[in-house]
>>> print(open('structure_11.csv').read())   # CSV, C-alpha atoms
chain,number,residue,atom,x,y,z
E,58,MET,CA,-23.5,-3.6,-17.6
E,59,LEU,CA,-19.9,-2.6,-17.7
E,60,LEU,CA,-20.4,0.3,-15.4
E,61,GLY,CA,-22.4,-1.9,-13.0
E,62,GLY,CA,-19.6,-4.5,-13.0
E,63,ARG,CA,-17.0,-1.8,-12.3
E,64,LEU,CA,-19.2,-0.4,-9.5
E,65,LEU,CA,-19.6,-3.8,-7.8
E,66,THR,CA,-15.9,-4.6,-8.3
E,67,GLY,CA,-14.9,-1.3,-6.7
E,68,LEU,CA,-17.3,-1.9,-3.8
E,69,ALA,CA,-15.8,-5.4,-3.2
E,70,CYS,CA,-12.2,-4.2,-3.5
E,71,GLY,CA,-13.0,-1.4,-1.0
E,72,ILE,CA,-14.4,-3.8,1.5
E,73,ALA,CA,-11.5,-6.3,1.1
E,74,SER,CA,-8.9,-3.5,1.5
E,75,LEU,CA,-10.5,-2.6,4.8
E,76,VAL,CA,-11.2,-6.0,6.3
E,77,ALA,CA,-8.2,-8.1,5.1
E,78,PRO,CA,-5.5,-6.2,7.0
E,79,VAL,CA,-7.6,-6.0,10.2
E,80,TYR,CA,-8.5,-9.7,10.1
E,81,ILE,CA,-4.9,-10.7,9.5
E,82,SER,CA,-3.6,-8.5,12.3
E,83,GLU,CA,-6.1,-9.9,14.8
E,84,ILE,CA,-5.3,-13.5,14.1
E,85,SER,CA,-1.5,-13.1,14.1
E,86,TYR,CA,1.2,-13.6,16.7
E,87,PRO,CA,3.1,-10.3,17.4
E,88,SER,CA,6.3,-12.0,16.2
E,89,VAL,CA,4.9,-12.7,12.7
E,90,ARG,CA,2.3,-10.0,12.4
E,91,GLY,CA,4.5,-7.9,10.2
E,92,LEU,CA,5.2,-10.8,7.8
E,93,LEU,CA,1.6,-11.8,7.5
E,94,GLY,CA,0.3,-8.2,7.3
E,95,SER,CA,2.7,-7.4,4.5
E,96,CYS,CA,1.3,-10.3,2.5
E,97,VAL,CA,-1.8,-8.1,1.8
E,98,GLN,CA,0.3,-5.7,-0.3
E,99,LEU,CA,2.4,-8.6,-1.7
E,100,MET,CA,-0.8,-10.2,-3.1
E,101,VAL,CA,-1.8,-6.9,-4.6
E,102,VAL,CA,1.4,-6.4,-6.5
E,103,ILE,CA,1.4,-10.1,-7.6
E,104,GLY,CA,-2.1,-9.4,-9.0
E,105,ILE,CA,-0.8,-6.3,-10.9
E,106,LEU,CA,2.0,-8.3,-12.4
E,107,LEU,CA,-0.3,-11.2,-13.4
E,108,ALA,CA,-2.6,-8.6,-15.0
E,109,TYR,CA,0.3,-7.2,-17.0
E,110,LEU,CA,1.3,-10.7,-18.2
E,111,ALA,CA,-2.2,-11.8,-19.0
E,112,GLY,CA,-2.8,-8.6,-20.9
E,113,TRP,CA,-0.2,-9.8,-23.5
E,114,VAL,CA,-2.2,-12.8,-24.4
E,115,LEU,CA,-5.9,-12.2,-23.4
E,116,GLU,CA,-8.4,-9.6,-24.5
E,117,TRP,CA,-10.2,-7.6,-21.8
E,118,ARG,CA,-13.3,-9.9,-21.7
E,119,TRP,CA,-11.2,-12.9,-20.7
E,120,LEU,CA,-9.2,-10.8,-18.3
E,121,ALA,CA,-12.5,-10.0,-16.5
E,122,VAL,CA,-13.3,-13.7,-16.4
E,123,LEU,CA,-9.9,-14.5,-15.1
E,124,GLY,CA,-10.4,-12.0,-12.3
E,125,CYS,CA,-13.3,-14.1,-11.0
E,126,VAL,CA,-10.9,-17.0,-10.1
E,127,PRO,CA,-9.1,-15.6,-7.0
E,128,ALA,CA,-12.3,-14.0,-5.7
E,129,SER,CA,-14.1,-17.4,-6.0
E,130,PHE,CA,-11.3,-19.1,-4.1
E,131,MET,CA,-11.4,-16.5,-1.3
E,132,MET,CA,-15.2,-16.8,-1.0
E,133,LEU,CA,-15.0,-20.5,-0.6
E,134,LEU,CA,-12.1,-20.6,1.7
E,135,MET,CA,-13.4,-17.9,4.1
E,136,CYS,CA,-16.4,-20.1,4.8
E,137,TYR,CA,-14.0,-22.3,6.8
E,138,MET,CA,-12.3,-19.5,8.7
E,139,PRO,CA,-13.3,-18.5,12.2
E,140,GLU,CA,-14.1,-15.0,13.5
E,141,THR,CA,-11.1,-13.4,15.2
E,142,PRO,CA,-10.6,-14.3,18.9
E,143,ARG,CA,-10.4,-10.6,19.9
E,144,PHE,CA,-13.8,-9.9,18.4
E,145,LEU,CA,-15.3,-12.9,20.0
E,146,LEU,CA,-13.9,-12.0,23.4
E,147,THR,CA,-15.4,-8.5,23.2
E,148,ARG,CA,-18.8,-10.2,22.6
E,149,GLN,CA,-18.2,-12.4,25.7
E,150,ARG,CA,-18.2,-15.5,23.5
E,151,ARG,CA,-15.3,-17.2,25.3
E,152,GLN,CA,-16.0,-20.7,24.1
E,153,GLU,CA,-16.0,-19.7,20.5
E,154,ALA,CA,-12.9,-17.6,21.0
E,155,THR,CA,-11.2,-20.7,22.5
E,156,ALA,CA,-12.2,-22.8,19.5
E,157,ALA,CA,-11.0,-20.1,17.1
E,158,MET,CA,-7.6,-20.0,18.9
E,159,GLN,CA,-7.4,-23.8,18.7
E,160,PHE,CA,-8.1,-23.7,15.0
E,161,LEU,CA,-5.7,-20.9,14.2
E,162,TRP,CA,-2.7,-22.0,16.3
E,163,GLY,CA,-3.4,-25.5,17.5
E,164,SER,CA,-3.3,-24.4,21.2
E,165,GLU,CA,-4.8,-21.8,23.4
E,166,GLN,CA,-2.6,-18.6,23.7
E,167,VAL,CA,-2.6,-16.1,26.6
E,168,TRP,CA,-4.5,-13.0,25.5
E,169,GLU,CA,-4.8,-9.7,27.2
E,170,GLU,CA,-8.4,-9.2,28.0
E,171,PRO,CA,-10.2,-6.5,26.0
E,172,PRO,CA,-11.5,-3.5,28.0
E,173,VAL,CA,-14.6,-4.2,29.9
E,174,GLY,CA,-17.6,-2.9,28.0
E,175,ALA,CA,-15.6,-2.5,24.8
E,176,GLU,CA,-18.4,-4.1,22.8
E,177,HIS,CA,-20.8,-1.3,23.9
E,178,GLN,CA,-18.5,1.7,23.4
E,179,GLY,CA,-18.6,2.2,19.6
E,180,PHE,CA,-17.3,5.4,18.2
E,181,HIS,CA,-18.4,8.9,19.1
E,182,LEU,CA,-16.9,12.2,17.9
E,183,ALA,CA,-16.2,13.2,21.5
E,184,GLN,CA,-13.7,10.4,21.7
E,185,LEU,CA,-11.4,12.3,19.4
E,186,ARG,CA,-10.4,14.4,22.4
E,187,HIS,CA,-8.6,11.4,23.8
E,188,PRO,CA,-4.9,10.8,22.8
E,189,GLY,CA,-5.6,7.1,22.5
E,190,ILE,CA,-8.0,7.9,19.6
E,191,TYR,CA,-6.8,11.1,17.9
E,192,LYS,CA,-3.1,10.2,17.7
E,193,PRO,CA,-3.6,6.9,15.8
E,194,PHE,CA,-6.3,8.7,13.7
E,195,ILE,CA,-3.8,11.4,12.6
E,196,ILE,CA,-1.1,8.8,12.0
E,197,GLY,CA,-3.3,6.4,10.0
E,198,ILE,CA,-4.8,9.1,7.8
E,199,SER,CA,-1.5,10.8,7.2
E,200,LEU,CA,0.2,7.5,6.2
E,201,MET,CA,-2.5,6.8,3.7
E,202,ALA,CA,-2.3,10.4,2.2
E,203,PHE,CA,1.5,10.3,2.0
E,204,GLN,CA,1.4,6.9,0.4
E,205,GLN,CA,-0.6,8.2,-2.6
E,206,LEU,CA,1.1,11.7,-2.7
E,207,SER,CA,4.4,9.9,-3.3
E,208,GLY,CA,2.9,9.4,-6.8
E,209,ILE,CA,2.9,5.6,-6.9
E,210,ASN,CA,-0.5,5.1,-8.5
E,211,ALA,CA,0.3,7.8,-11.0
E,212,VAL,CA,3.6,6.0,-11.8
E,213,MET,CA,1.8,2.6,-12.2
E,214,PHE,CA,-1.2,3.8,-14.1
E,215,TYR,CA,0.8,6.0,-16.4
E,216,ALA,CA,3.8,3.6,-16.6
E,217,GLU,CA,3.6,3.2,-20.4
E,218,THR,CA,3.2,6.9,-20.9
E,219,ILE,CA,6.1,7.7,-18.7
E,220,PHE,CA,8.3,5.2,-20.5
E,221,GLU,CA,7.3,6.7,-23.8
E,222,GLU,CA,8.2,10.1,-22.5
E,223,ALA,CA,11.5,8.6,-21.5
E,224,LYS,CA,11.9,7.5,-25.2
E,225,PHE,CA,11.4,3.7,-24.7
E,226,LYS,CA,9.9,1.7,-27.5
E,227,ASP,CA,8.6,-1.4,-25.8
E,228,SER,CA,6.7,0.3,-22.9
E,229,SER,CA,4.5,-2.8,-22.2
E,230,LEU,CA,7.7,-4.8,-21.5
E,231,ALA,CA,8.9,-2.0,-19.3
E,232,SER,CA,5.6,-2.2,-17.3
E,233,VAL,CA,6.2,-5.9,-16.7
E,234,ILE,CA,9.7,-5.2,-15.5
E,235,VAL,CA,8.3,-2.6,-13.0
E,236,GLY,CA,5.8,-5.2,-11.8
E,237,VAL,CA,8.5,-7.8,-11.2
E,238,ILE,CA,10.6,-5.4,-9.2
E,239,GLN,CA,7.6,-4.5,-7.1
E,240,VAL,CA,6.9,-8.1,-6.3
E,241,LEU,CA,10.5,-9.0,-5.4
E,242,PHE,CA,11.0,-6.0,-3.1
E,243,THR,CA,7.6,-6.3,-1.4
E,244,ALA,CA,8.4,-10.0,-0.7
E,245,MET,CA,11.8,-8.9,0.7
E,246,ALA,CA,10.1,-6.3,2.9
E,247,ALA,CA,7.6,-9.0,4.2
E,248,LEU,CA,10.5,-11.3,5.2
E,249,ILE,CA,12.4,-8.6,7.2
E,250,MET,CA,9.5,-6.6,8.5
E,251,ASP,CA,9.5,-8.2,12.0
E,252,ARG,CA,13.3,-7.9,12.3
E,253,ALA,CA,14.0,-4.5,10.9
E,254,GLY,CA,10.8,-2.8,12.2
E,255,ARG,CA,8.3,-0.5,10.7
E,256,ARG,CA,9.9,2.9,11.3
E,257,LEU,CA,13.3,1.9,9.9
E,258,LEU,CA,11.7,0.5,6.7
E,259,LEU,CA,9.4,3.5,6.3
E,260,THR,CA,12.3,5.9,6.7
E,261,LEU,CA,14.6,4.0,4.3
E,262,SER,CA,11.8,3.7,1.8
E,263,GLY,CA,11.1,7.5,1.9
E,264,VAL,CA,14.7,8.4,1.5
E,265,VAL,CA,15.1,6.2,-1.6
E,266,MET,CA,11.9,7.7,-3.1
E,267,VAL,CA,13.2,11.2,-2.5
E,268,PHE,CA,16.4,10.5,-4.5
E,269,SER,CA,14.6,8.5,-7.2
E,270,THR,CA,11.9,11.0,-7.9
E,271,SER,CA,14.5,13.8,-7.9
E,272,ALA,CA,16.5,11.9,-10.4
E,273,PHE,CA,13.5,11.2,-12.6
E,274,GLY,CA,12.6,14.9,-12.5
E,275,ALA,CA,16.3,15.7,-13.5
E,276,TYR,CA,15.9,13.4,-16.5
E,277,PHE,CA,12.9,15.3,-17.8
E,278,LYS,CA,14.6,18.6,-17.0
E,279,LEU,CA,17.7,17.6,-19.0
E,280,THR,CA,15.6,16.4,-22.0
E,281,GLN,CA,13.3,19.5,-21.9
E,282,GLY,CA,13.5,21.4,-25.1
E,283,GLY,CA,15.6,18.6,-26.8
E,284,PRO,CA,14.5,16.4,-29.6
E,285,SER,CA,10.8,15.4,-29.8
E,286,ASN,CA,9.6,12.7,-27.5
E,287,SER,CA,8.2,10.9,-30.6
E,288,SER,CA,11.6,9.4,-31.3
E,289,HIS,CA,11.6,6.3,-29.2
E,290,VAL,CA,14.4,3.9,-28.2
E,291,ASP,CA,14.3,0.3,-27.7
E,292,LEU,CA,14.4,-0.9,-24.1
E,293,LEU,CA,18.0,-1.8,-24.4
E,294,THR,CA,19.2,-0.1,-27.6
E,295,PRO,CA,18.9,3.6,-28.3
E,296,LEU,CA,17.8,4.5,-31.8
E,297,SER,CA,19.2,8.1,-31.9
E,298,LEU,CA,22.5,8.1,-33.8
E,299,GLU,CA,23.3,11.8,-33.4
E,300,SER,CA,24.1,11.8,-29.7
E,301,ALA,CA,24.4,8.1,-28.8
E,302,SER,CA,26.4,8.5,-25.6
E,303,THR,CA,24.1,11.2,-24.2
E,304,SER,CA,21.0,9.3,-25.2
E,305,VAL,CA,22.2,6.1,-23.5
E,306,GLY,CA,23.1,7.9,-20.4
E,307,LEU,CA,19.8,9.8,-20.1
E,308,ALA,CA,17.8,6.7,-21.0
E,309,TRP,CA,19.4,4.7,-18.2
E,310,LEU,CA,18.9,7.6,-15.8
E,311,ALA,CA,15.1,7.3,-16.5
E,312,VAL,CA,15.2,3.5,-16.2
E,313,GLY,CA,17.3,3.5,-13.0
E,314,SER,CA,15.2,6.2,-11.3
E,315,MET,CA,11.9,4.4,-12.1
E,316,CYS,CA,13.1,1.1,-10.9
E,317,LEU,CA,14.7,2.6,-7.8
E,318,PHE,CA,11.4,4.4,-7.0
E,319,ILE,CA,9.4,1.1,-7.3
E,320,ALA,CA,11.9,-0.8,-5.2
E,321,GLY,CA,12.0,1.9,-2.5
E,322,PHE,CA,8.2,2.1,-2.4
E,323,ALA,CA,7.8,-1.6,-2.2
E,324,VAL,CA,10.2,-1.9,0.8
E,325,GLY,CA,8.3,0.5,3.0
E,326,TRP,CA,5.5,2.8,1.9
E,327,GLY,CA,3.7,0.1,-0.1
E,328,PRO,CA,2.9,-2.5,2.7
E,329,ILE,CA,3.5,-0.6,5.9
E,330,PRO,CA,0.7,2.0,5.9
E,331,TRP,CA,-1.8,-0.9,5.5
E,332,LEU,CA,0.0,-2.9,8.2
E,333,LEU,CA,0.0,0.0,10.7
E,334,MET,CA,-3.6,0.9,10.0
E,335,SER,CA,-4.5,-2.6,11.2
E,336,GLU,CA,-2.3,-2.3,14.4
E,337,ILE,CA,-2.7,1.1,15.9
E,338,PHE,CA,-6.5,1.6,16.5
E,339,PRO,CA,-8.3,0.4,19.7
E,340,LEU,CA,-10.7,-2.4,19.1
E,341,HIS,CA,-13.9,-0.4,19.8
E,342,VAL,CA,-13.1,2.2,17.1
E,343,LYS,CA,-11.2,0.0,14.7
E,344,GLY,CA,-14.2,-0.4,12.3
E,345,MET,CA,-14.8,3.3,11.9
E,346,ALA,CA,-11.1,4.3,12.0
E,347,THR,CA,-9.9,1.9,9.4
E,348,GLY,CA,-12.9,2.8,7.2
E,349,VAL,CA,-11.8,6.5,7.3
E,350,CYS,CA,-8.2,5.5,6.5
E,351,VAL,CA,-9.2,3.3,3.5
E,352,LEU,CA,-11.5,6.1,2.3
E,353,THR,CA,-8.6,8.5,2.5
E,354,ASN,CA,-6.3,6.2,0.6
E,355,TRP,CA,-8.8,5.6,-2.3
E,356,PHE,CA,-9.8,9.2,-2.5
E,357,MET,CA,-6.1,10.3,-2.7
E,358,ALA,CA,-5.5,7.6,-5.3
E,359,PHE,CA,-8.4,8.9,-7.4
E,360,LEU,CA,-7.2,12.5,-7.0
E,361,VAL,CA,-3.6,11.8,-7.8
E,362,THR,CA,-4.4,9.6,-10.8
E,363,LYS,CA,-7.0,12.0,-12.2
E,364,GLU,CA,-4.9,15.2,-11.8
E,365,PHE,CA,-1.4,13.8,-12.5
E,366,SER,CA,-1.6,14.6,-16.2
E,367,SER,CA,-2.8,18.1,-15.4
E,368,VAL,CA,0.1,18.6,-12.9
E,369,MET,CA,2.5,17.5,-15.6
E,370,GLU,CA,1.1,20.1,-18.0
E,371,VAL,CA,1.3,22.9,-15.5
E,372,LEU,CA,4.6,22.1,-13.8
E,373,ARG,CA,6.1,20.2,-16.7
E,374,PRO,CA,7.1,16.6,-16.1
E,375,HIS,CA,10.2,17.5,-14.1
E,376,GLY,CA,8.2,19.8,-11.8
E,377,ALA,CA,5.6,17.1,-11.2
E,378,PHE,CA,8.2,14.6,-10.1
E,379,TRP,CA,10.0,17.2,-7.9
E,380,LEU,CA,6.7,17.9,-6.3
E,381,ALA,CA,6.4,14.2,-5.5
E,382,SER,CA,9.9,14.3,-4.1
E,383,ALA,CA,8.9,17.1,-1.7
E,384,PHE,CA,6.0,15.0,-0.5
E,385,CYS,CA,8.4,12.1,0.1
E,386,ILE,CA,10.6,14.4,2.2
E,387,PHE,CA,7.6,15.3,4.3
E,388,SER,CA,6.8,11.6,4.7
E,389,VAL,CA,10.2,10.9,6.1
E,390,LEU,CA,10.0,13.8,8.6
E,391,PHE,CA,6.5,12.6,9.6
E,392,THR,CA,7.8,9.1,10.2
E,393,LEU,CA,10.7,10.1,12.3
E,394,SER,CA,8.6,12.5,14.5
E,395,CYS,CA,5.2,10.8,14.8
E,396,VAL,CA,5.1,7.1,13.9
E,397,PRO,CA,5.8,4.7,16.8
E,398,GLU,CA,7.5,1.3,16.4
E,399,THR,CA,5.0,-1.6,16.7
E,400,LYS,CA,7.4,-4.5,16.1
E,401,GLY,CA,6.9,-7.3,18.6
E,402,LYS,CA,4.1,-5.6,20.5
E,403,THR,CA,0.6,-6.9,21.1
E,404,LEU,CA,-2.3,-4.9,19.8
E,405,GLU,CA,-3.2,-4.1,23.5
E,406,GLN,CA,0.3,-2.8,24.2
E,407,ILE,CA,0.1,-0.5,21.1
E,408,THR,CA,-3.2,0.9,22.4
E,409,ALA,CA,-1.6,1.4,25.8
E,410,HIS,CA,1.3,3.3,24.2
E,411,PHE,CA,-1.1,5.9,22.6
E,412,GLU,CA,-3.1,6.2,25.9
E,413,GLY,CA,0.1,6.9,27.8
E,414,ARG,CA,-0.2,3.8,30.0
>>> encode(input="structure_11.csv", output="structure tokens")
Amino acid sequence: MLLGGRLLTGLACGIASLVAPVYISEISYPSVRGLLGSCVQLMVVIGILLAYLAGWVLEWRWLAVLGCVPASFMMLLMCYMPETPRFLLTRQRRQEATAAMQFLWGSEQVWEEPPVGAEHQGFHLAQLRHPGIYKPFIIGISLMAFQQLSGINAVMFYAETIFEEAKFKDSSLASVIVGVIQVLFTAMAALIMDRAGRRLLLTLSGVVMVFSTSAFGAYFKLTQGGPSNSSHVDLLTPLSLESASTSVGLAWLAVGSMCLFIAGFAVGWGPIPWLLMSEIFPLHVKGMATGVCVLTNWFMAFLVTKEFSSVMEVLRPHGAFWLASAFCIFSVLFTLSCVPETKGKTLEQITAHFEGR
């Protein structure tokens, strides 16, 4: 029964992670699409934080029951939401599209007409020869891969283990602190997304993650071969009396680099890949293309989470974090060379950019 429940939950989360960003992008004005699209990731990190907090007071069975509450609200509220106007226009259902626009914005907006016959085009492998298809495909898949190769899921899933390696006593409290930082900086990113732009935030985020993962690797390198990691310190007070000043300095290096990494990820590489995935694909291939991107993300999340411990054993902890730092460097270079700015553009203008029109 437990395995069946996990299977159904995974299936539902996979569908939601695909559909929610696309739905939000298609019902949003260009001027607020970044804000609303970033709310997907904001809700994810709020959920993670609430799970940390609820885990302090509830056993796992009641946590599972609590997880039914937001899903039930979404199921009920979506019954009153219309289909997206863009989808309705591609099906030549203009009256319904007009009603949807009236419901969403209170007035009819000027839309660029979808391409004639878009509803019949679908996706074919031969279309990958066209720059309007293969360019966003490469960008979308690469963004999802780099998001996970930064090591974020490994950091979150192994947060308590990492803090224990860093000689912290109350690792559960440390995980909650990490969750709070993630929520605050994701909310900040959502508020400035449509003013700062996607490329700037991605680049800034990548640079911060490079420095933070390098610093965290340096911490483990400096403590390598030192006292056993079984001697813990309290979150604020070091217990080692032999080398108090060194212990305090190295402990705060670990705390600082971890918090800096979470903040840097939340500002850019957390919400923006999901936002860009919903923006860059033409309407007639969006279903297949976003599905491939989501599959890439979850596959890489599985791979990184499963193999993170093995990488730490082979490369040692410092080597594992320096490897993540190298991937963050590649992500910055990729952003600067390949990712276009989509701030303030309609979805049709973004498609025209990739097609060279």
>>> residues_near_point(input="structure_11.csv", point="(-9.1, -13.9, -5.4)", cutoff="12 Å", atoms="only C-alpha atoms", output="PDB file with C-alpha atoms, in the frame of the given file")
ATOM      1  CA  THR E  66     -15.900  -4.600  -8.300  1.00  0.00           C
ATOM      2  CA  ALA E  69     -15.800  -5.400  -3.200  1.00  0.00           C
ATOM      3  CA  CYS E  70     -12.200  -4.200  -3.500  1.00  0.00           C
ATOM      4  CA  ALA E  73     -11.500  -6.300   1.100  1.00  0.00           C
ATOM      5  CA  VAL E  97      -1.800  -8.100   1.800  1.00  0.00           C
ATOM      6  CA  MET E 100      -0.800 -10.200  -3.100  1.00  0.00           C
ATOM      7  CA  VAL E 101      -1.800  -6.900  -4.600  1.00  0.00           C
ATOM      8  CA  ILE E 103       1.400 -10.100  -7.600  1.00  0.00           C
ATOM      9  CA  GLY E 104      -2.100  -9.400  -9.000  1.00  0.00           C
ATOM     10  CA  VAL E 122     -13.300 -13.700 -16.400  1.00  0.00           C
ATOM     11  CA  LEU E 123      -9.900 -14.500 -15.100  1.00  0.00           C
ATOM     12  CA  GLY E 124     -10.400 -12.000 -12.300  1.00  0.00           C
ATOM     13  CA  CYS E 125     -13.300 -14.100 -11.000  1.00  0.00           C
ATOM     14  CA  VAL E 126     -10.900 -17.000 -10.100  1.00  0.00           C
ATOM     15  CA  PRO E 127      -9.100 -15.600  -7.000  1.00  0.00           C
ATOM     16  CA  ALA E 128     -12.300 -14.000  -5.700  1.00  0.00           C
ATOM     17  CA  SER E 129     -14.100 -17.400  -6.000  1.00  0.00           C
ATOM     18  CA  PHE E 130     -11.300 -19.100  -4.100  1.00  0.00           C
ATOM     19  CA  MET E 131     -11.400 -16.500  -1.300  1.00  0.00           C
ATOM     20  CA  MET E 132     -15.200 -16.800  -1.000  1.00  0.00           C
ATOM     21  CA  LEU E 133     -15.000 -20.500  -0.600  1.00  0.00           C
ATOM     22  CA  LEU E 134     -12.100 -20.600   1.700  1.00  0.00           C
ATOM     23  CA  MET E 135     -13.400 -17.900   4.100  1.00  0.00           C
TER      24      MET E 135
END
>>> residues_near_point(input="structure_11.csv", point="(6.5, 17.6, -0.1)", cutoff="12 Å", atoms="only C-alpha atoms", output="list in words")
Ala202, Phe203, Gln204, Leu206, Ser207, Gly208, Gly263, Met266, Val267, Thr270, Ser271, Ala377, Phe378, Trp379, Leu380, Ala381, Ser382, Ala383, Phe384, Cys385, Ile386, Phe387, Ser388, Val389, Leu390 and Phe391 of chain E
>>> closest_residue(input="structure_11.csv", among="E:Val342, E:Val79, E:Leu64, E:Leu332", to="Leu259 in chain E", atoms="only C-alpha atoms")
E:Leu332
>>> atom_distance(input="structure_11.csv", atom1="CA of Phe338 in chain E", atom2="CA of Thr260 in chain E")
21.6 Å
>>> atom_distance(input="structure_11.csv", atom1="CA of Pro139 in chain E", atom2="CA of Ala157 in chain E")
5.6 Å
>>> residues_around(input="structure_11.csv", residues="Val351 in chain E", least_positions_apart="2", cutoff="12 Å", atoms="all atoms listed in the file", output="VMD selection string")
chain E and resid 70 to 79 194 197 to 202 204 to 205 330 to 331 334 to 335 343 to 349 353 to 358
